[in-house]
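The file run_34.pdb contains PDB, C-alpha atoms, pLDDT in the B column:
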MODEL        1
ATOM      1  CA  MET A1390       0.000   0.000   0.000  1.00 55.00           C
ATOM      2  CA  ALA A1391       2.647   2.551   0.956  1.00 44.00           C
ATOM      3  CA  GLY A1392       5.603   3.940  -0.972  1.00 41.00           C
ATOM      4  CA  LEU A1393       8.900   2.121  -1.167  1.00 36.00           C
ATOM      5  CA  ASN A1394      10.566   4.348   1.407  1.00 39.00           C
ATOM      6  CA  VAL A1395       7.996   3.721   4.130  1.00 39.00           C
ATOM      7  CA  ASP A1396       9.379   0.505   5.602  1.00 41.00           C
ATOM      8  CA  MET A1397      12.771   2.104   6.129  1.00 37.00           C
ATOM      9  CA  ALA A1398      11.359   5.380   7.425  1.00 37.00           C
ATOM     10  CA  MET A1399       8.956   3.680   9.813  1.00 38.00           C
ATOM     11  CA  ALA A1400      11.138   0.755  10.872  1.00 41.00           C
ATOM     12  CA  ASP A1401      11.610   2.186  14.354  1.00 47.00           C
ATOM     13  CA  LEU A1402       8.285   4.001  14.499  1.00 49.00           C
ATOM     14  CA  ALA A1403       7.605   2.936  18.080  1.00 45.00           C
ATOM     15  CA  GLY A1404      10.625   4.964  19.179  1.00 48.00           C
ATOM     16  CA  VAL A1405       9.542   8.363  17.852  1.00 54.00           C
ATOM     17  CA  ASP A1406       6.627  10.795  18.140  1.00 83.00           C
ATOM     18  CA  VAL A1407       3.971  10.252  15.483  1.00 94.00           C
ATOM     19  CA  ILE A1408       0.547  11.468  14.419  1.00 96.00           C
ATOM     20  CA  LYS A1409      -2.042   8.919  13.320  1.00 98.00           C
ATOM     21  CA  VAL A1410      -5.377   9.749  11.711  1.00 98.00           C
ATOM     22  CA  ASN A1411      -8.114   7.110  11.563  1.00 98.00           C
ATOM     23  CA  GLN A1412     -11.345   6.472   9.684  1.00 97.00           C
ATOM     24  CA  ILE A1413     -10.054   8.000   6.456  1.00 97.00           C
ATOM     25  CA  ARG A1414     -12.848   7.462   3.953  1.00 95.00           C
ATOM     26  CA  SER A1415     -12.200   9.491   0.821  1.00 96.00           C
ATOM     27  CA  ILE A1416      -9.535  10.565  -1.636  1.00 97.00           C
ATOM     28  CA  SER A1417     -10.168  14.208  -0.752  1.00 96.00           C
ATOM     29  CA  GLU A1418      -9.459  13.484   2.916  1.00 97.00           C
ATOM     30  CA  ALA A1419      -6.349  11.490   2.075  1.00 97.00           C
ATOM     31  CA  GLU A1420      -4.977  14.237  -0.171  1.00 97.00           C
ATOM     32  CA  LYS A1421      -5.146  16.745   2.705  1.00 97.00           C
ATOM     33  CA  LEU A1422      -3.422  14.467   5.224  1.00 96.00           C
ATOM     34  CA  GLY A1423       0.002  14.254   3.619  1.00 91.00           C
ATOM     35  CA  SER A1424       1.870  15.272   6.776  1.00 91.00           C
ATOM     36  CA  ILE A1425       0.723  12.397   8.996  1.00 96.00           C
ATOM     37  CA  ASP A1426       2.831   9.398   9.999  1.00 97.00           C
ATOM     38  CA  ILE A1427       0.196   6.637  10.135  1.00 98.00           C
ATOM     39  CA  ALA A1428      -3.039   6.436   8.154  1.00 98.00           C
ATOM     40  CA  GLY A1429      -5.765   4.318   9.720  1.00 98.00           C
ATOM     41  CA  PHE A1430      -8.353   2.524   7.592  1.00 98.00           C
ATOM     42  CA  VAL A1431     -11.381   0.482   8.681  1.00 98.00           C
ATOM     43  CA  VAL A1432     -12.128  -2.355   6.270  1.00 98.00           C
ATOM     44  CA  ALA A1433     -14.750  -5.055   5.774  1.00 97.00           C
ATOM     45  CA  ARG A1434     -15.351  -7.765   3.215  1.00 95.00           C
ATOM     46  CA  SER A1435     -17.984  -5.477   1.663  1.00 95.00           C
ATOM     47  CA  SER A1436     -18.015  -1.706   1.940  1.00 92.00           C
ATOM     48  CA  CYS A1437     -20.568   0.005   4.164  1.00 90.00           C
ATOM     49  CA  ALA A1438     -21.153   3.422   5.727  1.00 86.00           C
ATOM     50  CA  SER A1439     -18.344   2.946   8.247  1.00 88.00           C
ATOM     51  CA  ALA A1440     -15.901   0.663   6.396  1.00 95.00           C
ATOM     52  CA  LEU A1441     -14.045   0.332   3.114  1.00 97.00           C
ATOM     53  CA  ASP A1442     -13.650  -2.786   1.030  1.00 98.00           C
ATOM     54  CA  LEU A1443     -10.159  -3.888   0.035  1.00 98.00           C
ATOM     55  CA  ASP A1444     -10.189  -2.152  -3.350  1.00 98.00           C
ATOM     56  CA  GLN A1445     -11.303   1.152  -1.828  1.00 98.00           C
ATOM     57  CA  CYS A1446      -8.645   0.874   0.861  1.00 98.00           C
ATOM     58  CA  ARG A1447      -5.967   0.161  -1.741  1.00 98.00           C
ATOM     59  CA  ARG A1448      -6.942   3.261  -3.739  1.00 97.00           C
ATOM     60  CA  LEU A1449      -6.882   5.513  -0.666  1.00 97.00           C
ATOM     61  CA  GLY A1450      -3.616   4.010   0.507  1.00 97.00           C
ATOM     62  CA  SER A1451      -1.941   4.873  -2.776  1.00 97.00           C
ATOM     63  CA  VAL A1452      -2.462   8.560  -1.980  1.00 97.00           C
ATOM     64  CA  LEU A1453      -0.753   8.459   1.416  1.00 97.00           C
ATOM     65  CA  ASP A1454       2.985   7.801   1.467  1.00 95.00           C
ATOM     66  CA  CYS A1455       3.159   6.904   5.142  1.00 97.00           C
ATOM     67  CA  ALA A1456       2.669   3.814   7.286  1.00 97.00           C
ATOM     68  CA  HIS A1457      -0.776   2.238   7.022  1.00 98.00           C
ATOM     69  CA  ALA A1458      -2.821   0.574   9.747  1.00 98.00           C
ATOM     70  CA  VAL A1459      -5.803  -1.539   8.730  1.00 98.00           C
ATOM     71  CA  HIS A1460      -8.565  -2.434  11.182  1.00 98.00           C
ATOM     72  CA  PRO A1461     -10.800  -5.314  10.019  1.00 98.00           C
ATOM     73  CA  VAL A1462     -14.374  -4.856  11.249  1.00 95.00           C
ATOM     74  CA  GLY A1463     -14.621  -8.510  12.247  1.00 93.00           C
ATOM     75  CA  GLY A1464     -11.470  -8.385  14.353  1.00 96.00           C
ATOM     76  CA  VAL A1465      -8.751 -10.986  14.286  1.00 96.00           C
ATOM     77  CA  ASP A1466     -11.306 -13.761  14.826  1.00 92.00           C
ATOM     78  CA  ASP A1467     -11.742 -13.733  11.041  1.00 95.00           C
ATOM     79  CA  ILE A1468      -8.164 -14.825  10.576  1.00 96.00           C
ATOM     80  CA  GLY A1469      -8.688 -15.713   6.926  1.00 97.00           C
ATOM     81  CA  PHE A1470      -9.715 -12.144   6.107  1.00 98.00           C
ATOM     82  CA  CYS A1471      -6.825 -10.803   8.172  1.00 98.00           C
ATOM     83  CA  ARG A1472      -4.398 -12.888   6.152  1.00 98.00           C
ATOM     84  CA  GLN A1473      -6.015 -11.623   2.956  1.00 98.00           C
ATOM     85  CA  ILE A1474      -5.523  -8.028   4.158  1.00 98.00           C
ATOM     86  CA  ILE A1475      -1.863  -8.712   4.936  1.00 98.00           C
ATOM     87  CA  ALA A1476      -1.256 -10.414   1.582  1.00 98.00           C
ATOM     88  CA  GLU A1477      -3.100  -7.920  -0.632  1.00 98.00           C
ATOM     89  CA  LEU A1478      -2.667  -4.567   1.126  1.00 98.00           C
ATOM     90  CA  LYS A1479       0.661  -5.188   2.868  1.00 98.00           C
ATOM     91  CA  PRO A1480      -0.033  -2.734   5.714  1.00 98.00           C
ATOM     92  CA  ARG A1481       2.647  -1.826   8.224  1.00 98.00           C
ATOM     93  CA  TYR A1482       0.147  -2.613  10.983  1.00 98.00           C
ATOM     94  CA  LEU A1483      -2.944  -4.702  11.540  1.00 98.00           C
ATOM     95  CA  GLU A1484      -5.155  -3.006  14.092  1.00 98.00           C
ATOM     96  CA  PHE A1485      -7.665  -4.557  16.467  1.00 98.00           C
ATOM     97  CA  THR A1486      -9.823  -3.772  19.502  1.00 98.00           C
ATOM     98  CA  VAL A1487      -8.566  -5.429  22.664  1.00 98.00           C
ATOM     99  CA  VAL A1488     -10.839  -7.977  24.341  1.00 97.00           C
ATOM    100  CA  ASP A1489     -11.325  -7.409  28.070  1.00 96.00           C
ATOM    101  CA  PRO A1490      -8.899  -9.830  29.760  1.00 97.00           C
ATOM    102  CA  GLU A1491     -11.602 -10.687  32.287  1.00 96.00           C
ATOM    103  CA  LYS A1492     -13.354 -12.467  29.413  1.00 97.00           C
ATOM    104  CA  THR A1493     -10.692 -15.131  29.705  1.00 97.00           C
ATOM    105  CA  GLU A1494     -11.680 -17.500  26.906  1.00 97.00           C
ATOM    106  CA  LEU A1495     -12.207 -14.726  24.348  1.00 97.00           C
ATOM    107  CA  SER A1496      -9.019 -12.955  25.412  1.00 98.00           C
ATOM    108  CA  LEU A1497      -6.916 -16.076  25.051  1.00 98.00           C
ATOM    109  CA  ALA A1498      -8.446 -16.792  21.651  1.00 97.00           C
ATOM    110  CA  GLN A1499      -7.563 -13.263  20.545  1.00 98.00           C
ATOM    111  CA  LEU A1500      -3.979 -13.614  21.735  1.00 98.00           C
ATOM    112  CA  ASP A1501      -3.678 -16.912  19.887  1.00 98.00           C
ATOM    113  CA  ALA A1502      -4.990 -15.391  16.654  1.00 98.00           C
ATOM    114  CA  LEU A1503      -2.643 -12.415  16.971  1.00 98.00           C
ATOM    115  CA  SER A1504       0.352 -14.680  17.417  1.00 97.00           C
ATOM    116  CA  ARG A1505      -0.478 -16.392  14.118  1.00 97.00           C
ATOM    117  CA  LEU A1506      -0.550 -13.180  12.069  1.00 98.00           C
ATOM    118  CA  ASP A1507       2.867 -12.135  10.777  1.00 96.00           C
ATOM    119  CA  VAL A1508       2.540  -8.350  10.841  1.00 98.00           C
ATOM    120  CA  GLY A1509       3.056  -5.518  13.312  1.00 98.00           C
ATOM    121  CA  LYS A1510      -0.023  -4.735  15.350  1.00 98.00           C
ATOM    122  CA  ILE A1511      -1.743  -1.774  16.989  1.00 98.00           C
ATOM    123  CA  ALA A1512      -4.088  -2.414  19.917  1.00 98.00           C
ATOM    124  CA  ASN A1513      -7.012  -0.010  20.318  1.00 98.00           C
ATOM    125  CA  GLY A1514     -10.119   0.304  22.485  1.00 97.00           C
ATOM    126  CA  LEU A1515      -8.089   1.233  25.575  1.00 98.00           C
ATOM    127  CA  PHE A1516      -8.639   4.217  27.851  1.00 96.00           C
ATOM    128  CA  LEU A1517      -7.414   5.985  30.958  1.00 96.00           C
ATOM    129  CA  LEU A1518      -9.945   8.198  32.742  1.00 93.00           C
ATOM    130  CA  LYS A1519      -9.579  10.368  35.798  1.00 89.00           C
ATOM    131  CA  ASP A1520     -12.018   8.051  37.619  1.00 90.00           C
ATOM    132  CA  ASP A1521     -10.993   4.788  35.919  1.00 94.00           C
ATOM    133  CA  LEU A1522      -7.312   3.902  35.823  1.00 96.00           C
ATOM    134  CA  SER A1523      -7.779   0.131  35.750  1.00 96.00           C
ATOM    135  CA  LEU A1524      -5.616  -0.176  32.634  1.00 97.00           C
ATOM    136  CA  LEU A1525      -2.569   0.670  34.765  1.00 97.00           C
ATOM    137  CA  ALA A1526      -3.118  -2.572  36.692  1.00 97.00           C
ATOM    138  CA  ARG A1527      -3.163  -4.775  33.591  1.00 97.00           C
ATOM    139  CA  ALA A1528       0.564  -5.140  33.009  1.00 97.00           C
ATOM    140  CA  SER A1529       0.381  -8.914  32.571  1.00 98.00           C
ATOM    141  CA  HIS A1530      -2.179  -8.589  29.780  1.00 98.00           C
ATOM    142  CA  MET A1531      -0.227  -5.774  28.150  1.00 98.00           C
ATOM    143  CA  ASP A1532       2.865  -7.982  28.263  1.00 98.00           C
ATOM    144  CA  ALA A1533       0.912 -10.785  26.602  1.00 98.00           C
ATOM    145  CA  LEU A1534      -0.194  -8.417  23.843  1.00 98.00           C
ATOM    146  CA  VAL A1535       3.404  -7.352  23.262  1.00 98.00           C
ATOM    147  CA  ARG A1536       4.450 -11.004  23.015  1.00 98.00           C
ATOM    148  CA  ALA A1537       1.699 -11.474  20.418  1.00 98.00           C
ATOM    149  CA  GLY A1538       3.217  -8.745  18.247  1.00 97.00           C
ATOM    150  CA  VAL A1539       1.646  -5.484  19.429  1.00 98.00           C
ATOM    151  CA  GLU A1540       4.022  -2.594  18.730  1.00 98.00           C
ATOM    152  CA  LEU A1541       1.789   0.365  19.613  1.00 98.00           C
ATOM    153  CA  PHE A1542      -1.168   0.919  21.940  1.00 98.00           C
ATOM    154  CA  GLN A1543      -3.854   3.448  21.029  1.00 98.00           C
ATOM    155  CA  ILE A1544      -5.202   4.874  24.305  1.00 97.00           C
ATOM    156  CA  GLU A1545      -7.781   7.591  24.923  1.00 95.00           C
ATOM    157  CA  VAL A1546      -6.891   9.724  27.950  1.00 95.00           C
ATOM    158  CA  GLU A1547      -9.407  11.916  29.763  1.00 91.00           C
ATOM    159  CA  SER A1548      -7.723  14.126  30.297  1.00 89.00           C
ATOM    160  CA  LEU A1549      -4.306  15.692  30.216  1.00 91.00           C
ATOM    161  CA  LEU A1550      -5.858  18.887  28.853  1.00 88.00           C
ATOM    162  CA  ASP A1551      -9.504  19.412  29.842  1.00 84.00           C
ATOM    163  CA  PRO A1552      -9.570  21.345  33.140  1.00 79.00           C
ATOM    164  CA  GLU A1553     -12.891  19.773  34.157  1.00 84.00           C
ATOM    165  CA  VAL A1554     -11.503  16.225  34.115  1.00 87.00           C
ATOM    166  CA  ARG A1555      -7.767  16.863  34.203  1.00 88.00           C
ATOM    167  CA  ILE A1556      -5.652  14.077  35.646  1.00 91.00           C
ATOM    168  CA  GLY A1557      -3.450  15.252  38.515  1.00 91.00           C
ATOM    169  CA  PRO A1558       0.366  15.219  38.638  1.00 91.00           C
ATOM    170  CA  LYS A1559       0.719  12.057  40.787  1.00 94.00           C
ATOM    171  CA  VAL A1560      -1.414  10.033  38.396  1.00 94.00           C
ATOM    172  CA  ARG A1561       0.344  11.584  35.402  1.00 94.00           C
ATOM    173  CA  ALA A1562       3.597  10.263  36.825  1.00 96.00           C
ATOM    174  CA  ARG A1563       2.097   6.741  36.998  1.00 96.00           C
ATOM    175  CA  ILE A1564       0.856   7.078  33.441  1.00 96.00           C
ATOM    176  CA  GLY A1565       4.335   8.181  32.366  1.00 96.00           C
ATOM    177  CA  GLU A1566       5.856   5.058  33.877  1.00 97.00           C
ATOM    178  CA  PHE A1567       3.222   2.934  32.129  1.00 97.00           C
ATOM    179  CA  PHE A1568       3.834   4.575  28.754  1.00 97.00           C
ATOM    180  CA  SER A1569       7.581   4.170  29.195  1.00 97.00           C
ATOM    181  CA  ARG A1570       6.953   0.435  29.222  1.00 97.00           C
ATOM    182  CA  TYR A1571       4.125   0.240  26.669  1.00 98.00           C
ATOM    183  CA  PRO A1572       4.491   2.577  23.650  1.00 97.00           C
ATOM    184  CA  ALA A1573       1.274   4.556  23.377  1.00 97.00           C
ATOM    185  CA  MET A1574      -0.365   6.958  20.993  1.00 97.00           C
ATOM    186  CA  ILE A1575      -2.899   9.007  22.911  1.00 96.00           C
ATOM    187  CA  GLY A1576      -6.178  10.694  22.104  1.00 94.00           C
ATOM    188  CA  ASP A1577      -7.458  13.604  24.186  1.00 92.00           C
ATOM    189  CA  SER A1578      -9.428  16.845  23.957  1.00 87.00           C
ATOM    190  CA  PHE A1579      -6.944  18.361  21.529  1.00 87.00           C
ATOM    191  CA  SER A1580      -7.081  21.989  20.479  1.00 71.00           C
ATOM    192  CA  MET A1581      -4.782  23.939  18.216  1.00 55.00           C
ATOM    193  CA  ASN A1582      -2.553  25.820  20.624  1.00 64.00           C
ATOM    194  CA  VAL A1583      -2.450  23.724  23.804  1.00 67.00           C
ATOM    195  CA  LYS A1584       0.806  21.930  24.523  1.00 80.00           C
ATOM    196  CA  VAL A1585       0.243  18.343  25.593  1.00 87.00           C
ATOM    197  CA  PRO A1586       2.103  17.326  28.777  1.00 88.00           C
ATOM    198  CA  ASP A1587       4.903  14.838  28.274  1.00 91.00           C
ATOM    199  CA  VAL A1588       3.905  11.493  29.793  1.00 94.00           C
ATOM    200  CA  HIS A1589       6.289   9.527  27.551  1.00 94.00           C
ATOM    201  CA  GLN A1590       3.642   9.135  24.863  1.00 95.00           C
ATOM    202  CA  ARG A1591       4.998   8.067  21.485  1.00 95.00           C
ATOM    203  CA  GLY A1592       2.442  10.065  19.532  1.00 95.00           C
ATOM    204  CA  TYR A1593      -1.160  11.120  19.048  1.00 95.00           C
ATOM    205  CA  TYR A1594      -4.201   9.822  17.208  1.00 96.00           C
ATOM    206  CA  LEU A1595      -7.320  11.502  15.888  1.00 96.00           C
ATOM    207  CA  ASN A1596     -10.453   9.828  14.582  1.00 96.00           C
ATOM    208  CA  LEU A1597     -12.255  11.545  11.750  1.00 96.00           C
ATOM    209  CA  SER A1598     -15.993  11.834  12.293  1.00 93.00           C
ATOM    210  CA  VAL A1599     -18.187   9.282  10.546  1.00 85.00           C
ATOM    211  CA  ASP A1600     -21.722  10.404   9.751  1.00 76.00           C
ATOM    212  CA  GLY A1601     -24.222   8.645  11.972  1.00 60.00           C
ATOM    213  CA  GLY A1602     -21.724   6.280  13.523  1.00 68.00           C
ATOM    214  CA  ARG A1603     -19.503   5.866  16.553  1.00 80.00           C
ATOM    215  CA  SER A1604     -15.741   5.703  16.347  1.00 92.00           C
ATOM    216  CA  TYR A1605     -14.431   2.306  15.339  1.00 94.00           C
ATOM    217  CA  ASP A1606     -12.373   1.990  18.549  1.00 94.00           C
ATOM    218  CA  PHE A1607     -15.065   3.386  20.906  1.00 92.00           C
ATOM    219  CA  SER A1608     -13.130   6.627  21.464  1.00 92.00           C
ATOM    220  CA  GLN A1609     -15.295   9.552  22.548  1.00 88.00           C
ATOM    221  CA  GLN A1610     -13.257  12.173  20.703  1.00 89.00           C
ATOM    222  CA  HIS A1611     -13.677  12.599  16.952  1.00 91.00           C
ATOM    223  CA  TYR A1612     -13.051  15.457  14.553  1.00 93.00           C
ATOM    224  CA  ALA A1613     -14.303  16.898  11.310  1.00 93.00           C
ATOM    225  CA  LEU A1614     -11.480  16.970   8.781  1.00 95.00           C
ATOM    226  CA  SER A1615     -11.070  20.754   9.058  1.00 94.00           C
ATOM    227  CA  SER A1616     -10.756  20.497  12.846  1.00 93.00           C
ATOM    228  CA  ALA A1617      -8.353  17.573  12.584  1.00 94.00           C
ATOM    229  CA  LEU A1618      -6.092  19.549  10.245  1.00 94.00           C
ATOM    230  CA  ARG A1619      -5.983  22.435  12.723  1.00 91.00           C
ATOM    231  CA  VAL A1620      -5.187  20.072  15.596  1.00 91.00           C
ATOM    232  CA  ILE A1621      -2.425  18.377  13.582  1.00 92.00           C
ATOM    233  CA  LYS A1622      -0.889  21.755  12.814  1.00 89.00           C
ATOM    234  CA  GLY A1623      -1.016  22.640  16.497  1.00 87.00           C
ATOM    235  CA  LEU A1624       0.494  19.348  17.620  1.00 87.00           C
ATOM    236  CA  GLN A1625       3.287  19.637  15.102  1.00 85.00           C
ATOM    237  CA  SER A1626       4.121  23.187  16.201  1.00 80.00           C
ATOM    238  CA  THR A1627       3.552  23.069  19.961  1.00 65.00           C
ATOM    239  CA  GLY A1628       2.286  19.747  21.202  1.00 51.00           C
ATOM    240  CA  ILE A1629       4.952  17.150  20.426  1.00 52.00           C
ATOM    241  CA  PRO A1630       7.618  16.832  23.125  1.00 47.00           C
ATOM    242  CA  SER A1631      11.256  16.838  22.076  1.00 41.00           C
ATOM    243  CA  PRO A1632      12.441  13.350  21.044  1.00 37.00           C
ATOM    244  CA  ARG A1633      13.683  11.270  23.937  1.00 37.00           C
ATOM    245  CA  GLY A1634      16.727   9.064  23.804  1.00 30.00           C
TER     246      GLY A1634
ENDMDL
END

Take the structure in the file and write it out as C-alpha cells.
Amino acid sequence: MAGLNVDMAMADLAGVDVIKVNQIRSISEAEKLGSIDIAGFVVARSSCASALDLDQCRRLGSVLDCAHAVHPVGGVDDIGFCRQIIAELKPRYLEFTVVDPEKTELSLAQLDALSRLDVGKIANGLFLLKDDLSLLARASHMDALVRAGVELFQIEVESLLDPEVRIGPKVRARIGEFFSRYPAMIGDSFSMNVKVPDVHQRGYYLNLSVDGGRSYDFSQQHYALSSALRVIKGLQSTGIPSPRG
C-alpha cells in the first residue's frame, strides 16, 4: 500500500513521536493528510457506511505515502480475512480492539490469533480516565499483547488537557511510567494551541468523524477533517515533546 521508502522510514516508528489519523474514507481526505505518519483505515469484506472494502482501501492508501494501519471490522477472529488483508494490502500494521482480559476465553483466543498473524499490530479500544485507571493494573495482559506482536497501543486519555476532568500530577507520573513500558499513541481533547504534557507518549491519534456512527475503537473524541487539520498543525508546532533518547 505505501511507498517504497515507508518501511525504512517507519522501521523504528515505536521509538519516535507520530501522528495517526483514523477512519479515512475518501480521496479528498487522504490528499489533505500528507503530513501524517500513520493512516488508519477500517475495512470489511464489503463496503458500508463505516468501512471500506479492500479495493477502496488500496486506492486511498496509494495517496498516502506513510505507514498504514488496517482495522478489520470482524477483528482478528476472522483470521482468513486478516491474512487476505496482509497479503493484498501489505499494511505496516494490523489493528484490532482489545478484548477485556476478564473475558478469559475470548481474550486467550484473541492472543492466539494475533500470534499467528505475521505483521506488526496496533491495539485499540483502551482508555485511561480520571475516575478509571484500571488499565494501569493490567501489566500482565499488556505484556501478553506485546508477546503477540503489538508494537503500539492506542489509548484515549481523559484528560491531560480538559480542566474539568484533568488528571493530577501524581497520576500523570504513573501514566508516564506505564507509557515508558508500553508505547502509546494518545487521544485527548486536543485543540490547536495547547501543549500536551509529556507522559512519555509516542504520539497522538485523531479519529475523523463518521456520519451517523460511533468511532471504530469506541473513542469519545472525533473530529471533522477541518478540525483535525488544525489540531495536527497545532500538535506539530507546539504539542509534540522533544524526542527522547

Box for range 1553-1558 of chain A: with edges along x, y and z, all listed atoms inside and 4 Å added on each side, what are the centre and edge lengths in Å to one decimal, as AutoDock Vina command-line options?
--center_x -6.3 --center_y 16.9 --center_z 36.4 --size_x 21.3 --size_y 13.7 --size_z 12.5

- Item | Closest of A:Asp1426, A:Asp1454, A:Asp1520, A:Asp1501 to Ile1556 in chain A - atom-to-atom distances counting only C-alpha atoms |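 Nearest to Ile1556 in chain A: A:Asp1520.
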
Find the residues around Val1539 in chain A up to 7 Å (all atoms listed in the file counted), leave out those fewer than 6 positions away in its own chain, and share them as a CSV table (one decimal) with C-alpha atoms, in the coordinates of the input.
chain,number,residue,atom,x,y,z
A,1509,GLY,CA,3.1,-5.5,13.3
A,1510,LYS,CA,0.0,-4.7,15.4
A,1511,ILE,CA,-1.7,-1.8,17.0
A,1512,ALA,CA,-4.1,-2.4,19.9

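Residue neighbourhood of Ser1504 in chain A, excluding near-sequence residues (fewer than 4 positions): Val1465, Asp1466, Ile1468, Leu1497, Ala1498, Gln1499, Leu1500, Val1508, Gly1509, Lys1510, Ala1533, Leu1534, Val1535, Arg1536, Ala1537, Gly1538 and Val1539 of chain A, at 12 Å, using all atoms listed in the file.
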
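If you measure from each of A:Gln1543, A:Ser1523, A:Ser1415, A:Gln1609 to Ala1458 in chain A using all atoms listed in the file, the closest one turns out to be A:Gln1543.
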
- Message: Which residues are near range 1469-1485 of chain A? Cut-off 10 Å, only C-alpha atoms, ignore same chain within fewer than 4 positions. Put them as a PyMOL selection string.
- Response: chain A and resi 1390-1391+1395-1396+1399-1400+1427-1434+1443-1444+1446-1447+1450+1455-1465+1499+1502-1503+1505-1514+1538-1543+1605-1606

- Message: Which residues, named as in the file, does the PyMOL selection byres ((chain A and resi 1438) around 12) pick out? Answer as a count of residues only.
- Response: 20

- Got a sec to resolve the PyMOL selection byres ((chain A and resi 1522) around 12) on this structure and send the residues as JSON, numbers by chain? {"A": [1515, 1516, 1517, 1518, 1519, 1520, 1521, 1523, 1524, 1525, 1526, 1527, 1544, 1545, 1546, 1547, 1548, 1556, 1560, 1561, 1563, 1564, 1567]}

- Quote the spacing between CA of Gly1565 in chain A and CA of His1589 in chain A in Å to one decimal place.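 According to the coordinates, CA of Gly1565 in chain A and CA of His1589 in chain A are separated by 5.4 Å.
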
- Task: Check the smallest atom-to-atom distance from each of A:Phe1579, A:Tyr1571, A:Tyr1612, A:Tyr1594 to Ser1529 in chain A using all atoms listed in the file, then report the winner.
- Result: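 Closest to Ser1529 in chain A of all the choices is A:Tyr1571.
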
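Distance-wise, CA of Glu1566 in chain A and CA of Asp1587 in chain A end up 11.3 Å apart.
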
- Message: Which residues, named as in the file, does the PyMOL selection byres ((chain A and resi 1591) around 6) pick out? Answer as a count of residues only.
- Response: 7

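CA of Gly1576 in chain A is found 21.6 Å from CA of Asp1532 in chain A.
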
- Query: Which is closer to Leu1618 in chain A than all the others in A:Ser1424, A:Ser1417, A:Gln1445, A:Ser1451, using all atoms listed in the file?
  - Reply: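 Checking each candidate against Leu1618 in chain A, we get A:Ser1424 as the closest.
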
- Among the residues A:Asp1489, A:Glu1420, A:Asp1467, A:Phe1568, the one that comes closest to Arg1448 in chain A [using all atoms listed in the file]: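 Residue with the minimum atom-to-atom distance to Arg1448 in chain A: A:Glu1420.
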
- Task: Please provide the set of residues having any atom within 7 Å of Leu1550 in chain A, restricted to only C-alpha atoms, with same-chain residues fewer than 4 positions apart removed, written as a ChimeraX atom specification.
- Result: /A:1555,1578,1585

- Query: For the point (-6.3, 19.3, 18.9) in file coordinates, what residues are within 7 Å, counting only C-alpha atoms? Give the answer as a PyMOL selection string?
  - Reply: chain A and resi 1578-1581+1617+1619-1621+1623-1624

- Minimum-distance residue to Gln1610 in chain A, chosen among A:Pro1552, A:Leu1422, A:Asn1411, A:Leu1495 (using all atoms listed in the file):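 With all atoms listed in the file as the atom set, the closest residue is A:Asn1411.
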